[in-house]
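Visitor: Below is the structure I would like to discuss, written out as structure tokens.
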Amino acid sequence: MLKIENLTKTYASGKKAVDDLSLHVKKGEIFGFIGPNGAGKTTTIKSLVGILEFDSGEIYIDGTSLKDDPIKCKQNIAYIPDNPDLYDYLTGISYINFVADVYGVEKDLRDSLTEKYADLFELKGDLGAPISSYSHGMKQKLALIAALVHSPKLLVLDEPFVGLDPKSAHNLKNLMRELCNEGGAIFFSSHVLDVVEKLCDRIAIIKKGKLIACGNTDELKGDSGLEEAFLELTEHV
Amino acid sequence: MFKLGLLLKIQFKQLAASLSPGLGSSTKSKLSKRFMIFLIFFAFVTLSFNSYMFASVTARSLSQIDALRLLPGLTLASASLVMLLTTLYRVKGTIFAFKDYDFLMSLPVSYKTIALSRLILLYFYNFTFSLLIIVPASVAYAIEAKPDFYFYLVFALTLFLIPLIPISLASVLGTLIHTVSFAFKKNNLVNIFLSLSAIMLIMGLSANSQKIIESVADISSEIMAYVNKLYPPADFYVKALCDESLLHLFMFSIISLGIFFLLILLLSKYFRPLNSMAMQSKEHKEYQKTSEGSSSPFLALYKRELKRYFSSSVYVTNTAVGFVLFIFLCLSLIFTGSQKLENMLGIQGFTNNIDRSAPAIASLFIALSSTTAASISLEGKSLWILKSLPVNPKLILNSKLALNLSLSLPTVLIGSSVFSYFFSFNTTQTLFMFLVPAAYAFFSALLGLAANLKFPNFDWTSEVTVIKQSAAVFIAVMVGLFAAALPLTISFLPLSISSSLLNLFTLLTVSATDLALYLFILTKGLKIFDRL
């Protein structure tokens, strides 16, 4: 579903944020992407969803090159950043409709999916209110609903559980598994290693822009658990 | 005082950062920074030079009728009105509803200190303006009047006091507008209406003061009486400056400081309630499913632009003034005739060759108004949404152009219809009356977008920064103004060139520039957008 080949991204300041990174996320897989602060996680994520240009390498979404056909790639992706700065001047429902319009979601399907996910995240009653009145968690939920309304094949999430209440976080975990069971894939970054350990099929660890480890969760965590393995790898590699 | 100093330091650092947004240490960034410094310097020099030239001509005219002492009062009144107008825009975003409010209020600093730091920021903007307008005008006065040392001493002292009253009045008026509009459900639209009304009123007064300067043949005492009526402290200022009256210097100082002190007291008391009110959201009814239809991607983007535009009173009042003034001009043409139009524009007898100049006059108002010049920067931290959507960026940029055109083209349609009907233009004249301003409508939209693509700023804390004091807006307004003023000036020159030929030449030149700008946006512009 997602293939990153030799991705390199250097900022104008000269800092190499991502250095020759390659990885592969298969269909039906929840893929965790972890690393210390400033390791290059967000830069990688922003590159693969088409926000940031990259210097070299290739990114394929469901077999299509992001460089060659970014619109087709984006049509299959939903991205939620770590801090969802949404359009404060729109109401929740206007934002969902805007995203659905751009993705070309049929009205009936859009309505039923909006209702389903708004009920699940308990945001239905607030959809008529301006986003400026939403809390951080409500914005996070709205971004999730708008992302799910166009039934993406690849869900890219940057710290998705920050700001979510326990029930919503639980529902999101179930949804992630549901989406993968239906043939989709999830690529997400998080610092909450417990969640990553329980949720992910495979994990990649990045440090200073370089991939330092990648493999099945069980293999990577070994007997000591993901936290120990993470500390060991990031300190000594 | 120490904490006030710290707050001011961080505010001025924010201001400096907003003037050179996102600039790092790369060669390109350094070039952009140099260009920004050049732009600011150019703006300052242009403003000062114009102020000096205007005051110099007026000083000579007034000197001939022995009424030179009118000049300081007129300068003070005009500058104060402009300060009042520009501060009105800044009240929201500076005194309340500013982005780091939560952070500042959580610090162990008194509300009074925070309020005072915000007022000092307003004072800084206006004091800079005073230096650029009043100093050159006063130099022109001094060259003509040759005053003694006392004048310079009093002038230096009063220079620091001049911004205090306009800031106080604008703060109160701006706060009132926001407070009143908050009582309404559609508070943004009420806010836009009240702000535009206040601006039109202040501009109307300014237009009258302009007329006074031109009517040098009038009796000077009557003019002075009008100025004093318009701005009462001007009387104390003139007497302190020209008559060496210490009593009037004292009066001017006491009034200025007293009003400002009152504002500090009021603001200290109401700073938190005002900000709480500005931030609180209205009670919303439980959402009920509506039968909203779906739209095409372009229409969805366009509707979003429209909602963004009307959600911000600062955005509307800054970019719609040209359109509103043009419609206002047309209405005055219908109801009061062409004489009034001449008075408003300050160009006597221009209706004699109206077929030559009318398209350029309309174009001047249209070219002044560009919504696109801030439209990219206003995406701010939400830019990720547009960049991750599965749409061709061309569609995004076109939706921004469409918003500008959907405001400017109907204005052209209404205004040009009124002009053509009122002055009984023939078919050719009518055609130019529509086509030339329409070409300028495209020009200002395209120029604004191109300028904002070249000079974006996403790190703003108040939208006023990108709407009012960004490089893109400055370029769009200055170039637009120059491009429209040029054919207008030519139309008044005694050249043996027919009006049709002049308008045809303007139309072709502007249309060719439009095409070049659009090609730039579709090629380099799209690449720039991808890199943002």
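Simple scheme: letters A, B, ... for chains in structure tokens order, numbers from 1 for residues in each chain, numbers from 1 for ligands in the order shown.
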Find the nearest atom pair between each residue of chain A and chain B for residues within 7 Å, count only C-alpha atoms, give distances in Å to one decimal, sort rows by chain and ascending number, and present the table as CSV.
Guide:
```
residue,atom,partner,partner_atom,distance
A:Ala12,CA,B:Ser26,CA,6.4
A:Ser13,CA,B:Ser26,CA,6.3
A:Val49,CA,B:Ser388,CA,6.1
A:Gly50,CA,B:Ser388,CA,5.9
A:Ile51,CA,B:Lys387,CA,5.2
A:Leu52,CA,B:Arg531,CA,6.8
A:Glu53,CA,B:Arg531,CA,6.1
A:Ile71,CA,B:Pro390,CA,4.5
A:Lys72,CA,B:Pro390,CA,6.8
A:Lys74,CA,B:Pro390,CA,4.8
A:Gln75,CA,B:Pro390,CA,5.1
A:Asp85,CA,B:Ser382,CA,5.1
A:Leu86,CA,B:Ser382,CA,5.7
A:Tyr87,CA,B:Ser382,CA,6.7
A:Tyr89,CA,B:Ser311,CA,6.0
A:Phe98,CA,B:Ala300,CA,5.7
A:Asp101,CA,B:Ser295,CA,5.6
A:Val102,CA,B:Pro297,CA,4.3
A:Tyr103,CA,B:Pro390,CA,6.8
A:Lys107,CA,B:Ser294,CA,6.1
A:Lys124,CA,B:Tyr287,CA,6.7
A:Gly125,CA,B:Glu286,CA,4.7
A:Asp126,CA,B:Tyr287,CA,6.0
A:Leu127,CA,B:Tyr287,CA,5.7
A:Gly128,CA,B:Tyr287,CA,4.8
A:Ala129,CA,B:His284,CA,5.9
A:Ser133,CA,B:Ser281,CA,5.6
```
Visitor: What does the file look like for those residues with N, CA and C atoms, as a PDB file, in the first residue's frame?
Guide:
```pdb
ATOM      1  N   ALA A  12      16.072  24.021   4.003  1.00  0.00           N
ATOM      2  CA  ALA A  12      16.877  25.144   3.491  1.00  0.00           C
ATOM      3  C   ALA A  12      18.030  25.486   4.432  1.00  0.00           C
ATOM      4  N   SER A  13      17.831  25.208   5.722  1.00  0.00           N
ATOM      5  CA  SER A  13      18.879  25.519   6.699  1.00  0.00           C
ATOM      6  C   SER A  13      20.075  24.568   6.560  1.00  0.00           C
ATOM      7  N   VAL A  49       2.426  12.369   2.361  1.00  0.00           N
ATOM      8  CA  VAL A  49       1.049  12.791   2.059  1.00  0.00           C
ATOM      9  C   VAL A  49       1.032  13.954   1.054  1.00  0.00           C
ATOM     10  N   GLY A  50       2.205  14.316   0.540  1.00  0.00           N
ATOM     11  CA  GLY A  50       2.260  15.316  -0.522  1.00  0.00           C
ATOM     12  C   GLY A  50       2.307  16.749  -0.046  1.00  0.00           C
ATOM     13  N   ILE A  51       2.595  16.959   1.236  1.00  0.00           N
ATOM     14  CA  ILE A  51       2.675  18.336   1.747  1.00  0.00           C
ATOM     15  C   ILE A  51       4.060  18.913   1.487  1.00  0.00           C
ATOM     16  N   LEU A  52       5.072  18.112   1.753  1.00  0.00           N
ATOM     17  CA  LEU A  52       6.452  18.586   1.576  1.00  0.00           C
ATOM     18  C   LEU A  52       7.076  17.988   0.317  1.00  0.00           C
ATOM     19  N   GLU A  53       7.829  18.807  -0.392  1.00  0.00           N
ATOM     20  CA  GLU A  53       8.617  18.273  -1.502  1.00  0.00           C
ATOM     21  C   GLU A  53       9.832  17.577  -0.916  1.00  0.00           C
ATOM     22  N   ILE A  71      -2.240  13.615  -7.376  1.00  0.00           N
ATOM     23  CA  ILE A  71      -3.681  13.719  -7.096  1.00  0.00           C
ATOM     24  C   ILE A  71      -4.290  12.333  -6.887  1.00  0.00           C
ATOM     25  N   LYS A  72      -3.885  11.380  -7.736  1.00  0.00           N
ATOM     26  CA  LYS A  72      -4.397  10.004  -7.580  1.00  0.00           C
ATOM     27  C   LYS A  72      -3.949   9.430  -6.229  1.00  0.00           C
ATOM     28  N   LYS A  74      -3.184  11.142  -3.465  1.00  0.00           N
ATOM     29  CA  LYS A  74      -3.878  11.820  -2.366  1.00  0.00           C
ATOM     30  C   LYS A  74      -5.331  11.361  -2.241  1.00  0.00           C
ATOM     31  N   GLN A  75      -5.912  10.987  -3.383  1.00  0.00           N
ATOM     32  CA  GLN A  75      -7.303  10.518  -3.382  1.00  0.00           C
ATOM     33  C   GLN A  75      -7.451   9.278  -2.476  1.00  0.00           C
ATOM     34  N   ASP A  85      -4.894  22.001  12.936  1.00  0.00           N
ATOM     35  CA  ASP A  85      -5.345  23.385  12.742  1.00  0.00           C
ATOM     36  C   ASP A  85      -6.356  23.368  11.603  1.00  0.00           C
ATOM     37  N   LEU A  86      -7.620  23.400  11.962  1.00  0.00           N
ATOM     38  CA  LEU A  86      -8.674  23.334  10.941  1.00  0.00           C
ATOM     39  C   LEU A  86      -9.149  24.748  10.627  1.00  0.00           C
ATOM     40  N   TYR A  87     -10.155  24.847   9.754  1.00  0.00           N
ATOM     41  CA  TYR A  87     -10.667  26.169   9.385  1.00  0.00           C
ATOM     42  C   TYR A  87     -11.621  26.671  10.468  1.00  0.00           C
ATOM     43  N   TYR A  89     -13.243  29.260  10.759  1.00  0.00           N
ATOM     44  CA  TYR A  89     -14.412  30.021  10.285  1.00  0.00           C
ATOM     45  C   TYR A  89     -15.525  29.132   9.745  1.00  0.00           C
ATOM     46  N   PHE A  98     -16.974  20.139   2.959  1.00  0.00           N
ATOM     47  CA  PHE A  98     -15.906  20.661   2.104  1.00  0.00           C
ATOM     48  C   PHE A  98     -14.957  19.535   1.689  1.00  0.00           C
ATOM     49  N   ASP A 101     -16.735  17.064  -0.598  1.00  0.00           N
ATOM     50  CA  ASP A 101     -16.905  17.628  -1.950  1.00  0.00           C
ATOM     51  C   ASP A 101     -15.618  17.477  -2.759  1.00  0.00           C
ATOM     52  N   VAL A 102     -14.497  17.823  -2.118  1.00  0.00           N
ATOM     53  CA  VAL A 102     -13.223  17.764  -2.840  1.00  0.00           C
ATOM     54  C   VAL A 102     -12.861  16.319  -3.197  1.00  0.00           C
ATOM     55  N   TYR A 103     -13.197  15.388  -2.312  1.00  0.00           N
ATOM     56  CA  TYR A 103     -12.900  13.977  -2.592  1.00  0.00           C
ATOM     57  C   TYR A 103     -13.988  13.328  -3.456  1.00  0.00           C
ATOM     58  N   LYS A 107     -23.461  12.161  -2.023  1.00  0.00           N
ATOM     59  CA  LYS A 107     -24.167  12.763  -0.904  1.00  0.00           C
ATOM     60  C   LYS A 107     -24.715  11.734   0.101  1.00  0.00           C
ATOM     61  N   LYS A 124     -21.822  14.548  17.167  1.00  0.00           N
ATOM     62  CA  LYS A 124     -22.950  14.876  16.295  1.00  0.00           C
ATOM     63  C   LYS A 124     -23.627  16.198  16.684  1.00  0.00           C
ATOM     64  N   GLY A 125     -23.875  16.375  17.981  1.00  0.00           N
ATOM     65  CA  GLY A 125     -24.575  17.574  18.438  1.00  0.00           C
ATOM     66  C   GLY A 125     -23.801  18.851  18.205  1.00  0.00           C
ATOM     67  N   ASP A 126     -22.478  18.754  18.051  1.00  0.00           N
ATOM     68  CA  ASP A 126     -21.635  19.956  17.903  1.00  0.00           C
ATOM     69  C   ASP A 126     -21.286  20.265  16.454  1.00  0.00           C
ATOM     70  N   LEU A 127     -21.783  19.468  15.524  1.00  0.00           N
ATOM     71  CA  LEU A 127     -21.376  19.672  14.126  1.00  0.00           C
ATOM     72  C   LEU A 127     -21.831  21.023  13.565  1.00  0.00           C
ATOM     73  N   GLY A 128     -22.885  21.595  14.153  1.00  0.00           N
ATOM     74  CA  GLY A 128     -23.380  22.892  13.656  1.00  0.00           C
ATOM     75  C   GLY A 128     -22.625  24.076  14.237  1.00  0.00           C
ATOM     76  N   ALA A 129     -21.744  23.834  15.200  1.00  0.00           N
ATOM     77  CA  ALA A 129     -21.017  24.936  15.855  1.00  0.00           C
ATOM     78  C   ALA A 129     -19.740  25.272  15.083  1.00  0.00           C
ATOM     79  N   SER A 133     -14.979  27.238  18.171  1.00  0.00           N
ATOM     80  CA  SER A 133     -15.454  26.989  19.533  1.00  0.00           C
ATOM     81  C   SER A 133     -15.063  25.587  20.015  1.00  0.00           C
TER      82      SER A 133
END
```
Visitor: Determine the nearest neighbour of Tyr152 in chain B from the options B:Val139, B:Ala439, B:Leu169, B:Met105, counting only C-alpha atoms.
Guide: B:Val139
Visitor: Pick the closest to Leu196 in chain B from B:Cys330, B:Leu85, B:Leu395, B:Leu74: which is it, counting only C-alpha atoms?
Guide: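 Once distances to Leu196 in chain B are computed over only C-alpha atoms, the minimum belongs to B:Leu85.
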Visitor: Excluding Thr43 in chain A and its own-chain neighbours fewer than 4 positions away, which residues fall within 8 Å of it when counting only C-alpha atoms? Please give them as a VMD selection string.
Guide: chain A and resid 9 17 to 18 47 52
Visitor: Write to file, as an mmCIF file, in the first residue's frame, the residues of the selection just made, with N, CA and C atoms.
Guide:
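Saved file part04.cif follows:
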```
data_model
loop_
_atom_site.group_PDB
_atom_site.id
_atom_site.type_symbol
_atom_site.label_atom_id
_atom_site.label_comp_id
_atom_site.auth_asym_id
_atom_site.auth_seq_id
_atom_site.Cartn_x
_atom_site.Cartn_y
_atom_site.Cartn_z
ATOM 1 N N LYS A 9 15.288 14.157 2.535
ATOM 2 C CA LYS A 9 14.746 15.523 2.569
ATOM 3 C C LYS A 9 15.675 16.403 3.394
ATOM 4 N N ALA A 17 16.744 16.179 7.324
ATOM 5 C CA ALA A 17 15.716 15.679 8.234
ATOM 6 C C ALA A 17 15.430 14.202 8.002
ATOM 7 N N VAL A 18 15.466 13.778 6.734
ATOM 8 C CA VAL A 18 15.268 12.360 6.413
ATOM 9 C C VAL A 18 16.416 11.940 5.497
ATOM 10 N N SER A 47 5.984 14.357 3.840
ATOM 11 C CA SER A 47 6.447 14.061 2.479
ATOM 12 C C SER A 47 5.543 13.039 1.812
ATOM 13 N N LEU A 52 5.072 18.112 1.753
ATOM 14 C CA LEU A 52 6.452 18.586 1.576
ATOM 15 C C LEU A 52 7.076 17.988 0.317
#
```
Visitor: Write out as a CSV table (one decimal) with N, CA and C atoms, in the first residue's frame each polymer residue whose atoms come within 9 Å of Asp82 in chain A, counting only C-alpha atoms; drop sequence neighbours fewer than 2 positions from it.
Guide:
```csv
chain,number,residue,atom,x,y,z
A,42,THR,N,7.7,13.5,11.5
A,42,THR,CA,6.7,14.4,10.8
A,42,THR,C,7.2,14.8,9.4
A,80,ILE,N,-4.0,13.0,9.1
A,80,ILE,CA,-4.4,13.8,10.3
A,80,ILE,C,-3.1,14.2,11.0
A,84,PRO,N,-4.3,19.4,14.8
A,84,PRO,CA,-5.1,19.7,13.7
A,84,PRO,C,-5.6,21.1,13.6
A,140,GLN,N,-9.7,17.2,16.9
A,140,GLN,CA,-9.1,15.9,16.5
A,140,GLN,C,-10.1,15.0,16.0
A,157,LEU,N,-1.5,8.9,10.2
A,157,LEU,CA,-1.8,9.7,11.5
A,157,LEU,C,-0.5,10.1,12.2
A,158,ASP,N,-0.5,11.3,12.6
A,158,ASP,CA,0.7,11.8,13.4
A,158,ASP,C,0.2,12.1,14.8
A,159,GLU,N,0.6,11.3,15.7
A,159,GLU,CA,0.2,11.4,17.1
A,159,GLU,C,-1.3,11.4,17.3
A,160,PRO,N,-2.1,10.4,16.8
A,160,PRO,CA,-3.5,10.5,16.7
A,160,PRO,C,-4.3,10.5,18.1
A,161,PHE,N,-3.6,10.0,19.1
A,161,PHE,CA,-4.3,9.8,20.4
A,161,PHE,C,-4.2,11.0,21.3
A,162,VAL,N,-3.4,12.0,20.9
A,162,VAL,CA,-3.2,13.2,21.8
A,162,VAL,C,-4.5,14.0,21.8
```
Visitor: Could you jot down the CA of Ala143 in chain A to CA of Leu48 in chain A separation for me, Å, one decimal place?
Guide: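 Answer for the CA of Ala143 in chain A to CA of Leu48 in chain A separation: 18.3 Å.
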Visitor: Can you work out which one of A:Leu66, A:Val195, A:Leu155, A:Ile131 has the shortest atom-to-atom distance to Ala169 in chain A, counting only C-alpha atoms?
Guide: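 Ranking A:Leu66, A:Val195, A:Leu155, A:Ile131 by distance to Ala169 in chain A, first place goes to A:Val195.
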Visitor: Env of Gly32 in chain A: 6 Å cut, atoms = only C-alpha atoms, seq-sep filter 4 positions within chain, self excluded. Answer as a list in words.
Guide: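 The neighbour list is Phe188, Ser189, Cys200 and Ile203 of chain A.
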Visitor: If you run DSSP on this backbone, which residues of range 41-235 of chain A come out as alpha helix (DSSP H), and could you give them as a count of residues only?
Guide: 91
